[in-house]
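For reference, model_38.cif (mmCIF, C-alpha atoms):
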```cif
data_data
loop_
_atom_site.label_atom_id
_atom_site.label_comp_id
_atom_site.auth_asym_id
_atom_site.auth_seq_id
_atom_site.Cartn_x
_atom_site.Cartn_y
_atom_site.Cartn_z
CA MET Q 251 -44.55 27.48 -71.37
CA PRO Q 252 -46.38 24.17 -71.43
CA GLY Q 253 -50.12 24.22 -71.91
CA ARG Q 254 -52.38 23.69 -68.98
CA THR Q 255 -53.19 20.12 -70.08
CA GLN Q 256 -49.57 19.06 -70.68
CA PRO Q 257 -48.37 16.49 -68.10
CA VAL Q 258 -45.89 17.71 -65.49
CA ALA Q 259 -44.38 16.23 -62.33
CA ALA Q 260 -46.35 16.93 -59.16
CA GLU Q 261 -43.17 17.84 -57.28
CA ARG Q 262 -43.11 21.17 -59.09
CA LEU Q 263 -45.85 22.45 -56.79
CA LEU Q 264 -46.23 19.96 -53.96
CA PHE Q 265 -42.59 19.91 -52.86
CA PRO Q 266 -42.27 23.69 -52.29
CA LEU Q 267 -45.66 23.79 -50.57
CA ALA Q 268 -44.72 20.89 -48.30
CA ALA Q 269 -41.36 22.51 -47.47
CA LEU Q 270 -43.02 25.80 -46.57
CA GLN Q 271 -45.59 24.06 -44.39
CA ALA Q 272 -42.88 22.02 -42.64
CA ALA Q 273 -40.96 25.21 -41.84
CA LEU Q 274 -44.04 26.86 -40.33
CA ILE Q 275 -45.99 24.01 -38.76
CA VAL Q 276 -43.64 23.01 -35.92
CA PRO Q 277 -43.16 26.47 -34.36
CA ALA Q 278 -46.86 27.16 -34.93
CA SER Q 279 -47.75 23.88 -33.21
CA LEU Q 280 -45.44 24.61 -30.31
CA TYR Q 281 -46.93 28.08 -29.94
CA GLY Q 282 -50.49 26.73 -30.23
CA MET Q 283 -49.97 23.98 -27.64
CA ARG Q 284 -48.10 26.23 -25.23
CA SER Q 285 -50.47 29.21 -25.47
CA GLY Q 286 -53.77 27.58 -26.47
CA ALA Q 287 -54.18 30.39 -28.99
CA PRO Q 288 -57.71 30.23 -30.42
CA ALA Q 289 -56.44 31.56 -33.77
CA LEU Q 290 -54.60 28.25 -34.22
CA ALA Q 291 -57.29 25.90 -32.98
CA GLY Q 292 -56.12 23.04 -35.18
CA LEU Q 293 -52.64 23.09 -33.62
CA SER Q 294 -53.61 23.43 -29.97
CA SER Q 295 -53.24 19.68 -29.28
CA PRO Q 296 -50.72 16.90 -30.05
CA LEU Q 297 -53.34 15.23 -32.26
CA GLY Q 298 -53.69 18.34 -34.40
CA HIS Q 299 -49.91 18.60 -34.67
CA ALA Q 300 -49.72 14.95 -35.77
CA HIS Q 301 -52.53 15.48 -38.30
CA GLU Q 302 -50.72 18.29 -40.06
CA LEU Q 303 -47.36 16.54 -40.05
CA LEU Q 304 -48.73 13.26 -41.39
CA PHE Q 305 -51.83 14.08 -43.44
CA GLY Q 306 -50.70 17.54 -44.54
CA PHE Q 307 -46.93 17.57 -44.98
CA ALA Q 308 -46.11 13.87 -45.47
CA LEU Q 309 -48.99 13.15 -47.86
CA ALA Q 310 -48.00 16.13 -50.00
CA VAL Q 311 -44.43 14.78 -50.19
CA VAL Q 312 -45.74 11.33 -51.15
CA GLY Q 313 -47.84 12.86 -53.91
CA GLY Q 314 -44.96 14.99 -55.16
CA TYR Q 315 -42.63 12.01 -55.34
CA LEU Q 316 -44.97 9.38 -56.80
CA ILE Q 317 -47.09 11.40 -59.25
CA ASN Q 318 -44.71 11.95 -62.14
CA ARG Q 319 -47.27 12.80 -64.81
CA ILE Q 320 -50.30 14.92 -64.04
CA ARG Q 321 -52.07 17.57 -66.09
CA ARG Q 322 -50.93 21.04 -65.17
CA ASP Q 323 -54.45 22.28 -64.38
CA VAL Q 324 -55.19 19.15 -62.30
CA LEU Q 325 -52.00 19.72 -60.33
CA TRP Q 326 -53.07 23.28 -59.55
CA LEU Q 327 -56.44 21.91 -58.43
CA LEU Q 328 -54.76 19.30 -56.21
CA ALA Q 329 -52.43 21.89 -54.68
CA GLY Q 330 -55.34 24.30 -54.17
CA ILE Q 331 -57.38 21.67 -52.33
CA TRP Q 332 -54.35 20.80 -50.20
CA LEU Q 333 -53.83 24.47 -49.29
CA MET Q 334 -57.53 24.93 -48.52
CA ALA Q 335 -57.45 21.83 -46.30
CA ARG Q 336 -54.48 23.22 -44.37
CA ILE Q 337 -56.13 26.61 -43.77
CA LEU Q 338 -59.47 25.11 -42.79
CA PHE Q 339 -57.86 22.65 -40.38
CA LEU Q 340 -55.87 25.44 -38.73
CA TYR Q 341 -58.86 27.65 -38.06
CA LEU Q 342 -61.90 25.31 -38.20
CA PRO Q 343 -60.50 21.84 -37.43
CA GLY Q 344 -63.81 20.22 -36.56
CA SER Q 345 -65.88 21.76 -39.34
CA MET Q 346 -67.52 19.98 -42.25
CA LEU Q 347 -65.52 22.18 -44.64
CA ALA Q 348 -62.21 21.01 -43.14
CA THR Q 349 -63.38 17.40 -43.36
CA LEU Q 350 -64.45 17.74 -46.99
CA ALA Q 351 -61.21 19.45 -48.05
CA ASN Q 352 -58.94 16.94 -46.31
CA VAL Q 353 -60.89 13.92 -47.55
CA ALA Q 354 -60.96 15.37 -51.08
CA PHE Q 355 -57.19 15.79 -51.12
CA ALA Q 356 -56.63 12.23 -49.90
CA VAL Q 357 -59.03 10.82 -52.51
CA LEU Q 358 -57.48 12.82 -55.37
CA LEU Q 359 -53.97 11.81 -54.34
CA ILE Q 360 -54.90 8.11 -54.30
CA TRP Q 361 -56.75 8.46 -57.60
CA HIS Q 362 -53.68 9.83 -59.37
CA ALA Q 363 -50.88 7.94 -57.58
CA ALA Q 364 -52.12 4.42 -56.82
CA PRO Q 365 -53.32 3.02 -60.20
CA GLN Q 366 -49.87 2.91 -61.82
CA PHE Q 367 -48.56 0.75 -58.97
CA LEU Q 368 -51.62 -1.49 -58.91
CA ARG Q 369 -51.21 -2.23 -62.64
CA ALA Q 370 -47.48 -2.42 -63.21
CA ALA Q 371 -46.02 -4.50 -60.40
CA LYS Q 372 -45.32 -8.21 -60.90
CA ARG Q 373 -43.53 -9.35 -57.74
CA TRP Q 374 -45.60 -9.40 -54.57
CA ARG Q 375 -43.24 -6.99 -52.81
CA ASN Q 376 -43.61 -4.45 -55.60
CA ARG Q 377 -47.39 -4.63 -55.34
CA LEU Q 378 -47.17 -3.08 -51.89
CA ILE Q 379 -47.17 0.58 -52.93
CA GLY Q 380 -50.68 0.71 -54.42
CA PRO Q 381 -52.49 -0.80 -51.40
CA LEU Q 382 -50.22 1.16 -49.06
CA LEU Q 383 -51.20 4.44 -50.70
CA ILE Q 384 -54.86 3.49 -50.45
CA ALA Q 385 -54.41 2.65 -46.76
CA LEU Q 386 -52.71 6.01 -46.11
CA GLY Q 387 -55.53 7.82 -47.87
CA LEU Q 388 -58.10 5.90 -45.83
CA THR Q 389 -56.40 6.81 -42.56
CA ALA Q 390 -56.31 10.48 -43.59
CA ALA Q 391 -60.03 10.36 -44.37
CA GLY Q 392 -60.77 8.18 -41.35
CA TYR Q 393 -59.23 10.72 -38.98
CA HIS Q 394 -62.02 13.14 -39.89
CA LEU Q 395 -64.85 10.66 -40.35
CA ALA Q 396 -64.22 8.62 -37.18
CA GLY Q 397 -65.12 9.77 -33.70
CA PHE Q 398 -62.59 11.52 -31.48
CA PRO Q 399 -61.76 8.43 -29.34
CA LEU Q 400 -60.52 6.59 -32.45
CA ARG Q 401 -58.22 9.34 -33.69
CA PRO Q 402 -55.15 8.43 -31.59
CA ARG Q 403 -55.33 4.87 -32.90
CA ILE Q 404 -55.70 6.13 -36.49
CA VAL Q 405 -52.63 8.35 -36.06
CA GLU Q 406 -50.74 5.36 -34.66
CA MET Q 407 -51.75 3.25 -37.66
CA SER Q 408 -50.65 5.98 -40.06
CA LEU Q 409 -47.25 6.16 -38.34
CA LEU Q 410 -46.69 2.46 -39.03
CA LEU Q 411 -47.89 2.87 -42.62
CA PHE Q 412 -45.46 5.72 -43.22
CA ALA Q 413 -42.70 3.68 -41.56
CA LEU Q 414 -43.45 0.83 -43.96
CA LEU Q 415 -43.42 3.21 -46.92
CA MET Q 416 -40.04 4.63 -45.83
CA LEU Q 417 -38.58 1.16 -45.34
CA PHE Q 418 -39.66 0.13 -48.84
CA MET Q 419 -39.03 3.31 -50.81
CA GLY Q 420 -35.89 4.20 -48.86
CA GLY Q 421 -34.35 0.91 -49.87
CA ARG Q 422 -35.35 1.36 -53.50
CA ILE Q 423 -33.79 4.85 -53.58
CA ILE Q 424 -30.67 4.31 -51.47
CA ALA Q 425 -29.47 0.92 -52.72
CA PRO Q 426 -29.05 1.82 -56.43
CA ALA Q 427 -27.59 5.24 -55.59
CA VAL Q 428 -24.99 3.74 -53.24
CA ALA Q 429 -24.22 0.89 -55.65
CA GLY Q 430 -23.72 3.36 -58.50
CA ALA Q 431 -21.35 5.50 -56.43
CA ILE Q 432 -19.31 2.46 -55.38
CA GLU Q 433 -19.13 1.19 -58.97
CA ARG Q 434 -17.98 4.59 -60.25
CA ALA Q 435 -15.19 4.44 -57.65
CA GLY Q 436 -14.11 1.04 -59.06
CA GLY Q 437 -15.84 -1.24 -56.54
CA GLN Q 438 -18.96 -3.36 -56.45
CA LEU Q 439 -21.96 -3.68 -54.13
CA THR Q 440 -23.68 -7.06 -54.26
CA ALA Q 441 -26.30 -6.47 -51.53
CA ARG Q 442 -28.75 -4.07 -53.15
CA VAL Q 443 -32.48 -4.66 -52.72
CA GLN Q 444 -31.92 -7.63 -50.36
CA PRO Q 445 -35.31 -9.24 -51.12
CA GLY Q 446 -35.23 -11.58 -48.10
CA ILE Q 447 -34.77 -8.75 -45.61
CA GLU Q 448 -37.16 -6.50 -47.53
CA GLY Q 449 -39.88 -9.15 -47.53
CA SER Q 450 -39.37 -9.77 -43.81
CA LEU Q 451 -39.62 -6.05 -43.06
CA ILE Q 452 -42.88 -5.81 -44.99
CA LEU Q 453 -44.39 -8.80 -43.18
CA LEU Q 454 -43.24 -7.56 -39.77
CA LEU Q 455 -44.70 -4.08 -40.24
CA LEU Q 456 -47.96 -5.47 -41.63
CA GLY Q 457 -48.12 -7.88 -38.71
CA ALA Q 458 -47.54 -5.07 -36.22
CA LEU Q 459 -50.33 -3.10 -37.88
CA LEU Q 460 -52.79 -5.98 -37.64
CA VAL Q 461 -51.89 -7.08 -34.11
CA ARG Q 462 -51.59 -3.66 -32.42
CA PRO Q 463 -55.36 -2.99 -32.09
CA LEU Q 464 -55.94 -6.29 -30.24
CA PRO Q 465 -56.40 -6.13 -26.46
CA GLN Q 466 -52.96 -7.66 -25.74
CA GLY Q 467 -51.42 -6.69 -29.04
CA ALA Q 468 -48.95 -4.03 -27.88
CA GLY Q 469 -46.31 -6.49 -26.70
CA ILE Q 470 -46.45 -8.69 -29.80
CA SER Q 471 -46.44 -5.77 -32.23
CA GLY Q 472 -43.62 -4.16 -30.23
CA LEU Q 473 -41.55 -7.33 -30.57
CA MET Q 474 -42.18 -7.27 -34.33
CA LEU Q 475 -40.96 -3.67 -34.47
CA LEU Q 476 -37.83 -4.53 -32.49
CA ILE Q 477 -37.00 -7.25 -35.03
CA ALA Q 478 -37.81 -4.88 -37.90
CA GLY Q 479 -35.47 -2.24 -36.47
CA PHE Q 480 -32.68 -4.81 -36.21
CA LEU Q 481 -33.25 -6.02 -39.79
CA ALA Q 482 -33.32 -2.43 -41.08
CA ALA Q 483 -29.94 -1.82 -39.41
CA VAL Q 484 -28.54 -5.01 -40.94
CA ARG Q 485 -29.82 -3.95 -44.36
CA LEU Q 486 -28.19 -0.55 -43.98
CA LEU Q 487 -24.82 -2.03 -42.96
CA ARG Q 488 -24.89 -4.37 -45.96
CA TRP Q 489 -24.99 -1.27 -48.18
CA GLN Q 490 -21.48 -0.54 -46.83
CA PRO Q 491 -21.93 3.21 -46.30
CA TRP Q 492 -18.28 3.62 -45.25
CA ARG Q 493 -17.36 3.18 -48.93
CA ILE Q 494 -19.18 6.39 -49.97
CA ARG Q 495 -17.48 8.82 -47.60
CA GLN Q 496 -16.90 11.17 -50.55
CA ARG Q 497 -20.67 11.44 -51.20
CA PRO Q 498 -22.27 13.52 -48.42
CA ASP Q 499 -25.60 13.57 -50.28
CA LEU Q 500 -25.82 9.78 -50.09
CA LEU Q 501 -24.64 9.74 -46.48
CA CYS Q 502 -27.62 11.98 -45.69
CA LEU Q 503 -29.94 9.29 -47.08
CA ILE Q 504 -28.09 6.70 -45.00
CA LEU Q 505 -28.56 8.90 -41.92
CA GLY Q 506 -32.32 9.02 -42.53
CA TYR Q 507 -32.51 5.24 -42.87
CA ALA Q 508 -30.46 4.86 -39.68
CA TRP Q 509 -32.98 7.05 -37.88
CA LEU Q 510 -35.71 4.74 -39.19
CA ALA Q 511 -34.00 1.66 -37.73
CA VAL Q 512 -33.50 3.45 -34.39
CA ALA Q 513 -37.11 4.68 -34.33
CA LEU Q 514 -38.52 1.19 -34.92
CA GLY Q 515 -36.35 -0.13 -32.11
CA LEU Q 516 -37.43 2.64 -29.74
CA LEU Q 517 -41.11 2.19 -30.59
CA GLY Q 518 -40.83 -1.56 -30.19
CA GLY Q 519 -39.10 -1.10 -26.85
CA ALA Q 520 -41.80 1.32 -25.69
CA TRP Q 521 -44.59 -1.13 -26.56
CA THR Q 522 -42.96 -4.22 -25.06
CA ILE Q 523 -41.12 -3.37 -21.84
CA GLY Q 524 -41.41 0.41 -21.60
CA LEU Q 525 -37.74 0.75 -22.55
CA SER Q 526 -38.38 4.19 -24.03
CA ALA Q 527 -41.14 6.77 -23.91
CA PRO Q 528 -43.66 6.46 -26.77
CA GLY Q 529 -43.30 10.18 -27.47
CA ALA Q 530 -39.53 9.89 -27.88
CA ALA Q 531 -39.95 6.95 -30.26
CA THR Q 532 -42.60 8.81 -32.25
CA HIS Q 533 -40.34 11.82 -32.72
CA ALA Q 534 -37.42 9.61 -33.72
CA LEU Q 535 -39.71 8.31 -36.47
CA THR Q 536 -41.34 11.58 -37.56
CA VAL Q 537 -38.55 14.12 -37.02
CA GLY Q 538 -35.48 11.92 -37.40
CA ALA Q 539 -36.47 9.39 -40.05
CA MET Q 540 -39.28 11.12 -41.92
CA GLY Q 541 -37.69 14.56 -41.70
CA THR Q 542 -34.24 13.47 -42.88
CA LEU Q 543 -35.43 11.10 -45.61
CA THR Q 544 -38.07 13.42 -47.05
CA ALA Q 545 -35.80 16.48 -47.07
CA THR Q 546 -32.87 14.69 -48.72
CA VAL Q 547 -35.02 12.79 -51.20
CA MET Q 548 -36.92 15.93 -52.18
CA ALA Q 549 -33.66 17.82 -52.72
CA ARG Q 550 -32.21 14.93 -54.71
CA VAL Q 551 -35.29 14.64 -56.95
CA ARG Q 552 -35.32 18.35 -57.73
CA LEU Q 553 -31.59 18.44 -58.51
CA VAL Q 554 -31.59 15.30 -60.66
CA ARG Q 555 -34.63 16.41 -62.66
CA ARG Q 556 -32.90 19.72 -63.37
CA ARG Q 557 -29.74 17.82 -64.46
CA LEU Q 558 -27.67 19.05 -61.53
CA ASP Q 559 -25.30 16.88 -59.49
CA PRO Q 560 -26.66 16.22 -55.95
CA ALA Q 561 -23.13 15.58 -54.72
CA ARG Q 562 -22.24 19.23 -55.37
CA GLU Q 563 -25.17 20.72 -53.42
CA TRP Q 564 -23.79 22.26 -50.23
CA SER Q 565 -27.12 22.64 -48.43
CA THR Q 566 -28.11 18.96 -48.27
CA PRO Q 567 -25.68 17.96 -45.46
CA VAL Q 568 -26.59 21.11 -43.52
CA ILE Q 569 -30.29 20.26 -43.85
CA ALA Q 570 -29.76 16.68 -42.69
CA LEU Q 571 -27.67 17.77 -39.69
CA LEU Q 572 -30.24 20.40 -38.64
CA VAL Q 573 -33.07 17.86 -38.83
CA SER Q 574 -31.03 15.33 -36.85
CA LEU Q 575 -30.27 17.97 -34.23
CA ALA Q 576 -34.00 18.59 -33.89
CA ALA Q 577 -34.61 14.84 -33.57
CA VAL Q 578 -31.90 14.34 -30.93
CA LEU Q 579 -33.35 17.18 -28.83
CA ARG Q 580 -36.92 15.85 -29.13
CA VAL Q 581 -35.84 12.30 -28.26
CA GLY Q 582 -33.35 13.15 -25.53
CA TRP Q 583 -35.12 16.06 -23.80
CA PRO Q 584 -38.82 15.69 -24.68
CA ALA Q 585 -40.15 17.89 -21.86
CA ALA Q 586 -37.54 20.66 -21.66
CA ASP Q 587 -38.86 23.97 -22.98
CA ALA Q 588 -35.45 25.17 -24.15
CA ALA Q 589 -34.87 21.93 -26.07
CA LEU Q 590 -38.32 22.20 -27.65
CA TRP Q 591 -37.69 25.70 -28.98
CA VAL Q 592 -34.16 24.93 -30.20
CA ALA Q 593 -35.45 21.79 -31.93
CA SER Q 594 -38.22 23.82 -33.51
CA ALA Q 595 -35.74 26.43 -34.76
CA ALA Q 596 -33.40 23.76 -36.19
CA TRP Q 597 -36.28 22.01 -37.96
CA SER Q 598 -37.62 25.24 -39.44
CA ALA Q 599 -34.17 26.38 -40.55
CA ALA Q 600 -33.66 23.06 -42.33
CA TRP Q 601 -36.92 23.34 -44.24
CA LEU Q 602 -36.30 26.96 -45.16
CA LEU Q 603 -33.03 25.75 -46.70
CA VAL Q 604 -34.99 23.09 -48.62
CA LEU Q 605 -37.39 25.76 -49.86
CA GLY Q 606 -34.45 27.98 -50.81
CA LEU Q 607 -32.93 25.13 -52.80
CA PHE Q 608 -36.18 24.70 -54.72
CA LEU Q 609 -36.32 28.40 -55.54
CA ARG Q 610 -32.67 28.53 -56.59
CA VAL Q 611 -32.88 25.46 -58.78
CA ARG Q 612 -36.15 26.55 -60.32
CA ALA Q 613 -34.65 29.95 -61.18
CA ARG Q 614 -31.80 28.27 -63.06
#
```

Representation of the structure as structure tokens:
Amino acid sequence: MPGRTQPVAAERLLFPLAALQAALIVPASLYGMRSGAPALAGLSSPLGHAHELLFGFALAVVGGYLINRIRRDVLWLLAGIWLMARILFLYLPGSMLATLANVAFAVLLIWHAAPQFLRAAKRWRNRLIGPLLIALGLTAAGYHLAGFPLRPRIVEMSLLLFALLMLFMGGRIIAPAVAGAIERAGGQLTARVQPGIEGSLILLLLGALLVRPLPQGAGISGLMLLIAGFLAAVRLLRWQPWRIRQRPDLLCLILGYAWLAVALGLLGGAWTIGLSAPGAATHALTVGAMGTLTATVMARVRLVRRRLDPAREWSTPVIALLVSLAAVLRVGWPAADAALWVASAAWSAAWLLVLGLFLRVRAR
């Protein structure tokens, strides 16, 4: 057993906690919003649901993935503060205690994750992660410190920040994995990082972030998102996913990136000409893209770090298909009660499978 000060990877604790929360939060949110149950005050509104998905679940996943060396006792402290923040937000969402716990978790996560990216990067594109992490932490803190009228805009900003993070990190994870699989099969993939497209995606998302708050900014930022969605689709096709048909684990990553391209297009269409409902676009981004990418990346990280082959893990395709089913139902039938409950069940089942994978792999 390592000592309490020996460095460990944050995913050891944060990934299972995030998976458990993901499995519980959607049915709890649906129950809270449908019944107005006072016992779940933090989940009785769409804003509370978004808070827990973005600043609870997604931030924990970000910390688990990016913090590779943290003292064991500090990790337990970080996980404890995260858990306290979740409980306090559920039962006392507007309290000072909930604010302090959530702000403390965001600050600690930035403190441990951002410095390595601020120091090490040389190219301007690689310098994105540090400031992006800081911006995500500030939005998490700002949700609690700002007044209620500003919270929808803060959630909207955080959605674009997470979309930018997925565009960047998704490319850095998927491209080398796909290229390696193609090379092992005797081929070659020349379009890997695609710096021109990647740089354009970064500038478009940053532009959309800056322009959206302006009085007439919705149309311009929506146009930027439409272009970003098109470029993300082009980038994905240049990875030639049809050449990795024998790798379902990598196809799951491709599926998540495809959801990201679709979500950006839907959100851009909603902001420009009302082509789609904003709620449908939001769920394409959070359920489809974020759900699929986080679940498959988390599973891949755990398997690779335990020296197991991700291509042999049976549960990963099932997880990705369940999450995509939930996304299709939320996008296609956003107001139908039956679709809501089936989507909730599919989402929860997927994350229980992720949690089961963590427990199985840890036991080995």

Practice item. Please provide the set of residues having any atom within 6 Å of Ala511 of chain Q, restricted to all atoms listed in the file, with same-chain residues fewer than 3 positions apart removed, written as a list in words. Key: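 Close residues of Ala511 of chain Q: Gly479, Ala482, Ala483, Ala508 and Leu514 of chain Q.
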
Practice item. One decimal, Å: what's the distance from atom CA of Ala268 of chain Q over to atom CA of Val353 of chain Q, could you say? Key: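 Straight-line distance from atom CA of Ala268 of chain Q to atom CA of Val353 of chain Q works out to 17.6 Å.
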
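Counting all atoms listed in the file, the residue from Q:Tyr341, Q:Phe418, Q:Gly467, Q:Gln496 that sits nearest to Arg377 of chain Q is Q:Phe418.
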
Practice item. List the residues selected by the PyMOL selection byres ((chain Q and resi 597) around 12) in the file shown, writing them as a count of residues only. Key: 44

Check your understanding: Any idea what the distance is between atom CA of Ala458 of chain Q and atom CA of Ala478 of chain Q?
Key -> 9.9 Å

Practice item. Pick out the residues sitting within 10 Å of Pro296 of chain Q, and hand them over as a PyMOL selection string; count only C-alpha atoms, and ignore anything fewer than 5 positions along from it in its own chain. Key: chain Q and resi 279-280+282-283+301+402

Practice item. Find the residue from Q:Arg284, Q:Arg557, Q:His362, Q:Arg442 that sits nearest to Ala427 of chain Q; use only C-alpha atoms when measuring. Key: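 Of all the options, Q:Arg442 lies closest to Ala427 of chain Q.
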
**Study point:** Nearest candidate to Leu439 of chain Q (options Q:Pro491, Q:Gly529, Q:Gly457, Q:Pro465; using all atoms listed in the file)
**Key:**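 Of Q:Pro491, Q:Gly529, Q:Gly457, Q:Pro465, the one nearest Leu439 of chain Q, counting all atoms listed in the file, is Q:Pro491.
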
Quick one: 3 Å padding each side, axis-aligned, all listed atoms of segment 437-452 of chain Q - centre and edge lengths in Å to one decimal, as AutoDock Vina command-line options?
```
--center_x -29.4 --center_y -6.4 --center_z -49.8 --size_x 33.0 --size_y 16.3 --size_z 19.5
```

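Between atom CA of Leu303 of chain Q and atom CA of Gly380 of chain Q there is a distance of 21.6 Å.
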
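What the PyMOL selection byres ((chain Q and resi 305) around 9) matches in the given file is Ala300, His301, Glu302, Leu303, Leu304, Gly306, Phe307, Ala308, Leu309, Ala310, Asn352, Ala356, Leu386, Gly387, Thr389, Ala390 and Ser408 of chain Q.
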
**Study point:** Selected residue of minimal separation from Leu342 of chain Q among Q:Gly437, Q:Gly397, Q:Gly314, Q:Gly292, counting all atoms listed in the file
**Key:**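 For Leu342 of chain Q, the nearest of the given residues is Q:Gly292.
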
Point to revise | Residues selected by the PyMOL selection byres ((chain Q and resi 318) around 12), written as a ChimeraX atom specification | key: /Q:257-264,312-317,319-322,325,362-364,366,551,555

Review point. Near segment 451-453 of chain Q, within 12 Å and counting only C-alpha atoms, which residues show up once chain neighbours fewer than 3 positions away are dropped, as a PyMOL selection string?
Key: chain Q and resi 374-379+382+410-419+421+444-448+456-461+471+474-485+511+514

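Closest to Leu487 of chain Q among Q:Leu359, Q:Leu505, Q:Leu327, Q:Met407 is Q:Leu505, based on all atoms listed in the file.
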
Point to revise | Closest of Q:Arg403, Q:His394, Q:Arg369, Q:Arg488 to Ala348 of chain Q - atom-to-atom distances counting all atoms listed in the file | key: Q:His394

Check your understanding: Using only C-alpha atoms, which residues sit within 8 Å of Trp509 of chain Q once same-chain residues fewer than 5 positions away are excluded, as an NGL selection string?
Key -> :Q and (534-535 or 538-539)

Review point. Neighbours of Trp564 of chain Q within 10 Å (all atoms listed in the file; same-chain residues fewer than 3 positions away dropped), as number ranges by chain?
Key: Q: 498-499, 560-561, 567-569, 607
